[in-house]
Structure formats: C-alpha cells, structure tokens
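Participant: Provided herewith: coords-v6.pdb, PDB, C-alpha atoms, pLDDT in the B column.
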ATOM      1  CA  MET A 506     285.060  52.889-131.723  1.00 42.00           C
ATOM      2  CA  ALA A 507     288.018  55.093-132.631  1.00 44.00           C
ATOM      3  CA  GLU A 508     289.167  58.312-131.026  1.00 43.00           C
ATOM      4  CA  GLN A 509     285.953  60.048-132.069  1.00 57.00           C
ATOM      5  CA  GLU A 510     283.978  61.140-129.042  1.00 82.00           C
ATOM      6  CA  ARG A 511     280.965  58.955-128.438  1.00 91.00           C
ATOM      7  CA  PRO A 512     277.555  60.620-128.714  1.00 96.00           C
ATOM      8  CA  TRP A 513     276.484  59.122-125.398  1.00 97.00           C
ATOM      9  CA  LYS A 514     277.443  59.324-121.746  1.00 97.00           C
ATOM     10  CA  LEU A 515     277.144  56.549-119.232  1.00 97.00           C
ATOM     11  CA  GLN A 516     275.345  57.375-116.005  1.00 97.00           C
ATOM     12  CA  ALA A 517     274.817  55.372-112.824  1.00 97.00           C
ATOM     13  CA  ASP A 518     271.255  54.453-113.840  1.00 97.00           C
ATOM     14  CA  GLY A 519     271.491  54.384-117.625  1.00 98.00           C
ATOM     15  CA  ILE A 520     272.821  56.265-120.631  1.00 97.00           C
ATOM     16  CA  LEU A 521     272.344  59.744-122.141  1.00 98.00           C
ATOM     17  CA  ILE A 522     272.344  59.807-125.954  1.00 97.00           C
ATOM     18  CA  THR A 523     272.669  62.889-128.171  1.00 97.00           C
ATOM     19  CA  VAL A 524     270.371  62.388-131.155  1.00 97.00           C
ATOM     20  CA  ARG A 525     269.764  64.361-134.347  1.00 97.00           C
ATOM     21  CA  LEU A 526     266.202  63.560-135.291  1.00 97.00           C
ATOM     22  CA  THR A 527     264.645  63.821-138.724  1.00 96.00           C
ATOM     23  CA  PRO A 528     260.839  63.680-138.421  1.00 96.00           C
ATOM     24  CA  ARG A 529     258.389  62.899-141.256  1.00 97.00           C
ATOM     25  CA  SER A 530     260.708  60.233-142.644  1.00 97.00           C
ATOM     26  CA  SER A 531     259.615  57.228-144.712  1.00 97.00           C
ATOM     27  CA  LYS A 532     260.647  54.870-141.906  1.00 96.00           C
ATOM     28  CA  ASP A 533     261.675  54.714-138.252  1.00 97.00           C
ATOM     29  CA  GLN A 534     265.403  54.069-138.126  1.00 97.00           C
ATOM     30  CA  ILE A 535     268.552  54.641-136.090  1.00 97.00           C
ATOM     31  CA  GLU A 536     271.058  55.345-138.844  1.00 95.00           C
ATOM     32  CA  LYS A 537     274.642  56.043-137.812  1.00 95.00           C
ATOM     33  CA  ILE A 538     276.923  58.263-135.814  1.00 95.00           C
ATOM     34  CA  GLY A 539     277.164  61.701-137.390  1.00 95.00           C
ATOM     35  CA  GLU A 540     278.733  65.015-136.497  1.00 92.00           C
ATOM     36  CA  GLN A 541     277.364  68.430-135.633  1.00 88.00           C
ATOM     37  CA  SER A 542     278.799  71.518-137.299  1.00 87.00           C
ATOM     38  CA  ASP A 543     280.875  72.134-134.152  1.00 88.00           C
ATOM     39  CA  GLY A 544     282.410  68.670-134.399  1.00 90.00           C
ATOM     40  CA  ARG A 545     280.516  66.993-131.559  1.00 90.00           C
ATOM     41  CA  SER A 546     279.204  63.572-132.434  1.00 95.00           C
ATOM     42  CA  LEU A 547     275.577  62.462-132.330  1.00 96.00           C
ATOM     43  CA  VAL A 548     273.399  59.551-133.361  1.00 97.00           C
ATOM     44  CA  MET A 549     271.379  60.196-136.516  1.00 97.00           C
ATOM     45  CA  ALA A 550     267.819  58.896-136.353  1.00 97.00           C
ATOM     46  CA  ARG A 551     264.591  59.235-138.367  1.00 97.00           C
ATOM     47  CA  VAL A 552     260.974  58.700-137.427  1.00 98.00           C
ATOM     48  CA  ARG A 553     257.753  58.718-139.441  1.00 98.00           C
ATOM     49  CA  ALA A 554     256.003  60.819-136.796  1.00 97.00           C
ATOM     50  CA  VAL A 555     255.402  64.528-137.308  1.00 95.00           C
ATOM     51  CA  PRO A 556     256.973  67.068-134.937  1.00 91.00           C
ATOM     52  CA  GLU A 557     253.651  68.031-133.381  1.00 92.00           C
ATOM     53  CA  LYS A 558     252.098  67.347-129.977  1.00 93.00           C
ATOM     54  CA  ASP A 559     255.261  65.527-128.843  1.00 93.00           C
ATOM     55  CA  ALA A 560     254.667  62.746-131.430  1.00 96.00           C
ATOM     56  CA  ALA A 561     258.219  62.735-132.803  1.00 96.00           C
ATOM     57  CA  ASN A 562     259.721  62.747-129.289  1.00 97.00           C
ATOM     58  CA  LYS A 563     257.586  59.768-128.263  1.00 97.00           C
ATOM     59  CA  ALA A 564     258.514  57.982-131.507  1.00 97.00           C
ATOM     60  CA  VAL A 565     262.261  58.487-131.064  1.00 97.00           C
ATOM     61  CA  ALA A 566     262.090  57.344-127.426  1.00 98.00           C
ATOM     62  CA  ALA A 567     260.165  54.225-128.499  1.00 98.00           C
ATOM     63  CA  LEU A 568     262.647  53.603-131.336  1.00 98.00           C
ATOM     64  CA  PHE A 569     265.647  53.638-128.988  1.00 98.00           C
ATOM     65  CA  ALA A 570     263.806  51.616-126.325  1.00 98.00           C
ATOM     66  CA  LYS A 571     263.133  48.906-128.904  1.00 97.00           C
ATOM     67  CA  ALA A 572     266.700  48.980-130.275  1.00 97.00           C
ATOM     68  CA  LEU A 573     268.175  48.734-126.763  1.00 97.00           C
ATOM     69  CA  SER A 574     265.661  46.097-125.594  1.00 97.00           C
ATOM     70  CA  VAL A 575     264.212  48.110-122.717  1.00 97.00           C
ATOM     71  CA  PRO A 576     260.567  48.984-121.937  1.00 97.00           C
ATOM     72  CA  LYS A 577     259.233  52.125-123.667  1.00 96.00           C
ATOM     73  CA  SER A 578     258.860  53.711-120.229  1.00 97.00           C
ATOM     74  CA  SER A 579     262.672  53.480-119.801  1.00 97.00           C
ATOM     75  CA  ALA A 580     263.424  55.963-122.601  1.00 98.00           C
ATOM     76  CA  GLU A 581     262.559  59.659-122.677  1.00 97.00           C
ATOM     77  CA  VAL A 582     263.602  62.914-124.330  1.00 97.00           C
ATOM     78  CA  ILE A 583     265.014  65.083-121.532  1.00 97.00           C
ATOM     79  CA  ALA A 584     266.331  68.025-123.579  1.00 97.00           C
ATOM     80  CA  GLY A 585     265.683  69.599-126.965  1.00 96.00           C
ATOM     81  CA  SER A 586     262.032  68.585-127.190  1.00 93.00           C
ATOM     82  CA  THR A 587     261.378  71.248-129.853  1.00 94.00           C
ATOM     83  CA  ALA A 588     264.786  71.062-131.556  1.00 94.00           C
ATOM     84  CA  ARG A 589     266.321  68.603-134.027  1.00 94.00           C
ATOM     85  CA  ILE A 590     269.160  67.863-131.602  1.00 96.00           C
ATOM     86  CA  LYS A 591     267.772  66.019-128.595  1.00 97.00           C
ATOM     87  CA  THR A 592     269.121  64.398-125.461  1.00 97.00           C
ATOM     88  CA  LEU A 593     267.574  61.035-124.776  1.00 97.00           C
ATOM     89  CA  ARG A 594     267.818  59.262-121.418  1.00 98.00           C
ATOM     90  CA  VAL A 595     267.531  55.482-121.389  1.00 98.00           C
ATOM     91  CA  TYR A 596     267.371  53.763-118.014  1.00 98.00           C
ATOM     92  CA  GLY A 597     269.092  50.430-117.519  1.00 97.00           C
ATOM     93  CA  GLU A 598     272.507  48.904-116.922  1.00 97.00           C
ATOM     94  CA  PRO A 599     274.875  51.445-118.571  1.00 97.00           C
ATOM     95  CA  GLN A 600     277.521  49.016-119.897  1.00 97.00           C
ATOM     96  CA  GLU A 601     274.855  46.727-121.370  1.00 97.00           C
ATOM     97  CA  LEU A 602     273.012  49.652-123.011  1.00 97.00           C
ATOM     98  CA  GLN A 603     276.279  50.948-124.484  1.00 96.00           C
ATOM     99  CA  LYS A 604     277.085  47.520-125.925  1.00 96.00           C
ATOM    100  CA  ARG A 605     273.612  47.182-127.488  1.00 96.00           C
ATOM    101  CA  LEU A 606     273.870  50.679-128.961  1.00 96.00           C
ATOM    102  CA  GLU A 607     277.334  49.989-130.390  1.00 95.00           C
ATOM    103  CA  ASP A 608     276.095  46.675-131.839  1.00 94.00           C
ATOM    104  CA  HIS A 609     273.089  48.419-133.374  1.00 92.00           C
ATOM    105  CA  LEU A 610     275.248  51.107-134.977  1.00 93.00           C
ATOM    106  CA  SER A 611     277.935  48.757-136.306  1.00 88.00           C
TER     107      SER A 611
END
When written as structure tokens, how does the structure in this file appear?
Facilitator:
Amino acid sequence: MAEQERPWKLQADGILITVRLTPRSSKDQIEKIGEQSDGRSLVMARVRAVPEKDAANKAVAALFAKALSVPKSSAEVIAGSTARIKTLRVYGEPQELQKRLEDHLS
C-alpha cells in the first residue's frame, strides 16, 4: 500500500479497523479503502442487516471475521455502535490479520 495511511492499527492481540458501514445493502461485502471528509482512510463495507437492535454491528463483525478467517467471537464493534463510522476489533495474530485484510482488499 502506498503512502496513504492505513485504516487499521496493529495491536499486541489483534487489529483495530476503521470501517464506514452502509446498512440495508443488497449484499454483505467489504468493498475498498475509502476516505473520510477529513482525509483519514477507512474500509468501506456494506451489510444487508438493518441498523436496529445491534443487527448491523453484529453483521459487520461477522463479515470481517469471515473475511479474516477468525471465529465470529474474535470480532466486535468497540466504538461507533450507532454511527456509520465504526471501530472494529479483531483478535488474532496482528501481522497475519493485516495480510489477510490487504489480500481481501486488493
């Protein structure tokens, strides 16, 4: 990836991913790396779930867990639960998770 700042941060026990979620989509999909109005990068994702009763948050966590080949219990929304911009934590080996995410987005 070029000089653009990555929309994720490696941690000792996993990776934090900044996600812009579009609920009520026609399909569940991790799309691409996009940019917020302030220039910070994020991962664009869509889910079919509606943004009610935590359904969209659970769907986006499950979507990333599947894409990164970790159990559903290893992914959770830790910030922005009622906003479009969310912070997702995925537990696992950070370097491996980063590589899978980069592969998925390329």
Participant: What's around Leu521 (chain A) at 12 Å? Count all atoms listed in the file, leave out sequence neighbours fewer than 6 positions away in its own chain, and write the answer as an MDAnalysis selection string.
Facilitator: chainID A and resid 511:515 547:548 566 569 579:584 591:597 599 602:603 606
Participant: Kindly save the residues from that selection, with C-alpha atoms included, as an mmCIF file, in the coordinates of the input.
Facilitator:
data_model
loop_
_atom_site.group_PDB
_atom_site.id
_atom_site.type_symbol
_atom_site.label_atom_id
_atom_site.label_comp_id
_atom_site.auth_asym_id
_atom_site.auth_seq_id
_atom_site.Cartn_x
_atom_site.Cartn_y
_atom_site.Cartn_z
ATOM 1 C CA ARG A 511 280.965 58.955 -128.438
ATOM 2 C CA PRO A 512 277.555 60.620 -128.714
ATOM 3 C CA TRP A 513 276.484 59.122 -125.398
ATOM 4 C CA LYS A 514 277.443 59.324 -121.746
ATOM 5 C CA LEU A 515 277.144 56.549 -119.232
ATOM 6 C CA LEU A 547 275.577 62.462 -132.330
ATOM 7 C CA VAL A 548 273.399 59.551 -133.361
ATOM 8 C CA ALA A 566 262.090 57.344 -127.426
ATOM 9 C CA PHE A 569 265.647 53.638 -128.988
ATOM 10 C CA SER A 579 262.672 53.480 -119.801
ATOM 11 C CA ALA A 580 263.424 55.963 -122.601
ATOM 12 C CA GLU A 581 262.559 59.659 -122.677
ATOM 13 C CA VAL A 582 263.602 62.914 -124.330
ATOM 14 C CA ILE A 583 265.014 65.083 -121.532
ATOM 15 C CA ALA A 584 266.331 68.025 -123.579
ATOM 16 C CA LYS A 591 267.772 66.019 -128.595
ATOM 17 C CA THR A 592 269.121 64.398 -125.461
ATOM 18 C CA LEU A 593 267.574 61.035 -124.776
ATOM 19 C CA ARG A 594 267.818 59.262 -121.418
ATOM 20 C CA VAL A 595 267.531 55.482 -121.389
ATOM 21 C CA TYR A 596 267.371 53.763 -118.014
ATOM 22 C CA GLY A 597 269.092 50.430 -117.519
ATOM 23 C CA PRO A 599 274.875 51.445 -118.571
ATOM 24 C CA LEU A 602 273.012 49.652 -123.011
ATOM 25 C CA GLN A 603 276.279 50.948 -124.484
ATOM 26 C CA LEU A 606 273.870 50.679 -128.961
#
Participant: Can you turn the PyMOL selection byres ((chain A and resi 562) around 9) into a concrete residue list for this file, as number ranges by chain?
Facilitator: A: 526, 554, 556, 558-561, 563-567, 581-582, 586-587, 591
Participant: So the first atom is CA of Gly585 (chain A) and the second is CA of Leu573 (chain A); what is the distance between them in Å, to one decimal place?
Facilitator: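 Answer for the CA of Gly585 (chain A) to CA of Leu573 (chain A) separation: 21.0 Å.
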Participant: Could you pull the residues within 12 Å of Asp608 (chain A), counting only C-alpha atoms, minus those fewer than 3 positions along the same chain, as a ChimeraX atom specification?
Facilitator: /A:506,535,537,572-573,601-605,611
Participant: Those selected residues, please, written with C-alpha atoms and delivered as a compact mmCIF listing (two decimals), in the coordinates of the input.
Facilitator:
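The new file part.txt reads:
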# COMPACT_ATOMS: atom_id res chain seq x y z
CA MET A 506 285.06 52.89 -131.72
CA ILE A 535 268.55 54.64 -136.09
CA LYS A 537 274.64 56.04 -137.81
CA ALA A 572 266.70 48.98 -130.28
CA LEU A 573 268.18 48.73 -126.76
CA GLU A 601 274.86 46.73 -121.37
CA LEU A 602 273.01 49.65 -123.01
CA GLN A 603 276.28 50.95 -124.48
CA LYS A 604 277.08 47.52 -125.92
CA ARG A 605 273.61 47.18 -127.49
CA SER A 611 277.94 48.76 -136.31
Participant: Assuming the chain letters and numbering stay as they are in my file, what does the PyMOL selection byres ((chain A and resi 536) around 9) actually select? List them as a short mmCIF file (atom, residue, chain, number, x, y, z; two decimals) with C-alpha atoms, in the frame of the given file.
Facilitator:
data_model
loop_
_atom_site.label_atom_id
_atom_site.label_comp_id
_atom_site.auth_asym_id
_atom_site.auth_seq_id
_atom_site.Cartn_x
_atom_site.Cartn_y
_atom_site.Cartn_z
CA GLN A 534 265.40 54.07 -138.13
CA ILE A 535 268.55 54.64 -136.09
CA LYS A 537 274.64 56.04 -137.81
CA ILE A 538 276.92 58.26 -135.81
CA GLY A 539 277.16 61.70 -137.39
CA VAL A 548 273.40 59.55 -133.36
CA MET A 549 271.38 60.20 -136.52
CA ALA A 550 267.82 58.90 -136.35
CA ARG A 551 264.59 59.24 -138.37
CA LEU A 610 275.25 51.11 -134.98
#
Participant: When you draw a straight line from CA of Ala570 (chain A) to CA of Asp518 (chain A), how long is it in Å?
Facilitator: 14.8 Å
Participant: Padding of 8 Å on every side, edges along x, y and z, all listed atoms of region 586-596 of chain A included: what centre and edge lengths in Å, to one decimal, does that box have, as lines of an AutoDock Vina configuration file?
Facilitator:
center_x = 265.3
center_y = 62.5
center_z = -126.0
size_x = 23.8
size_y = 33.5
size_z = 32.0
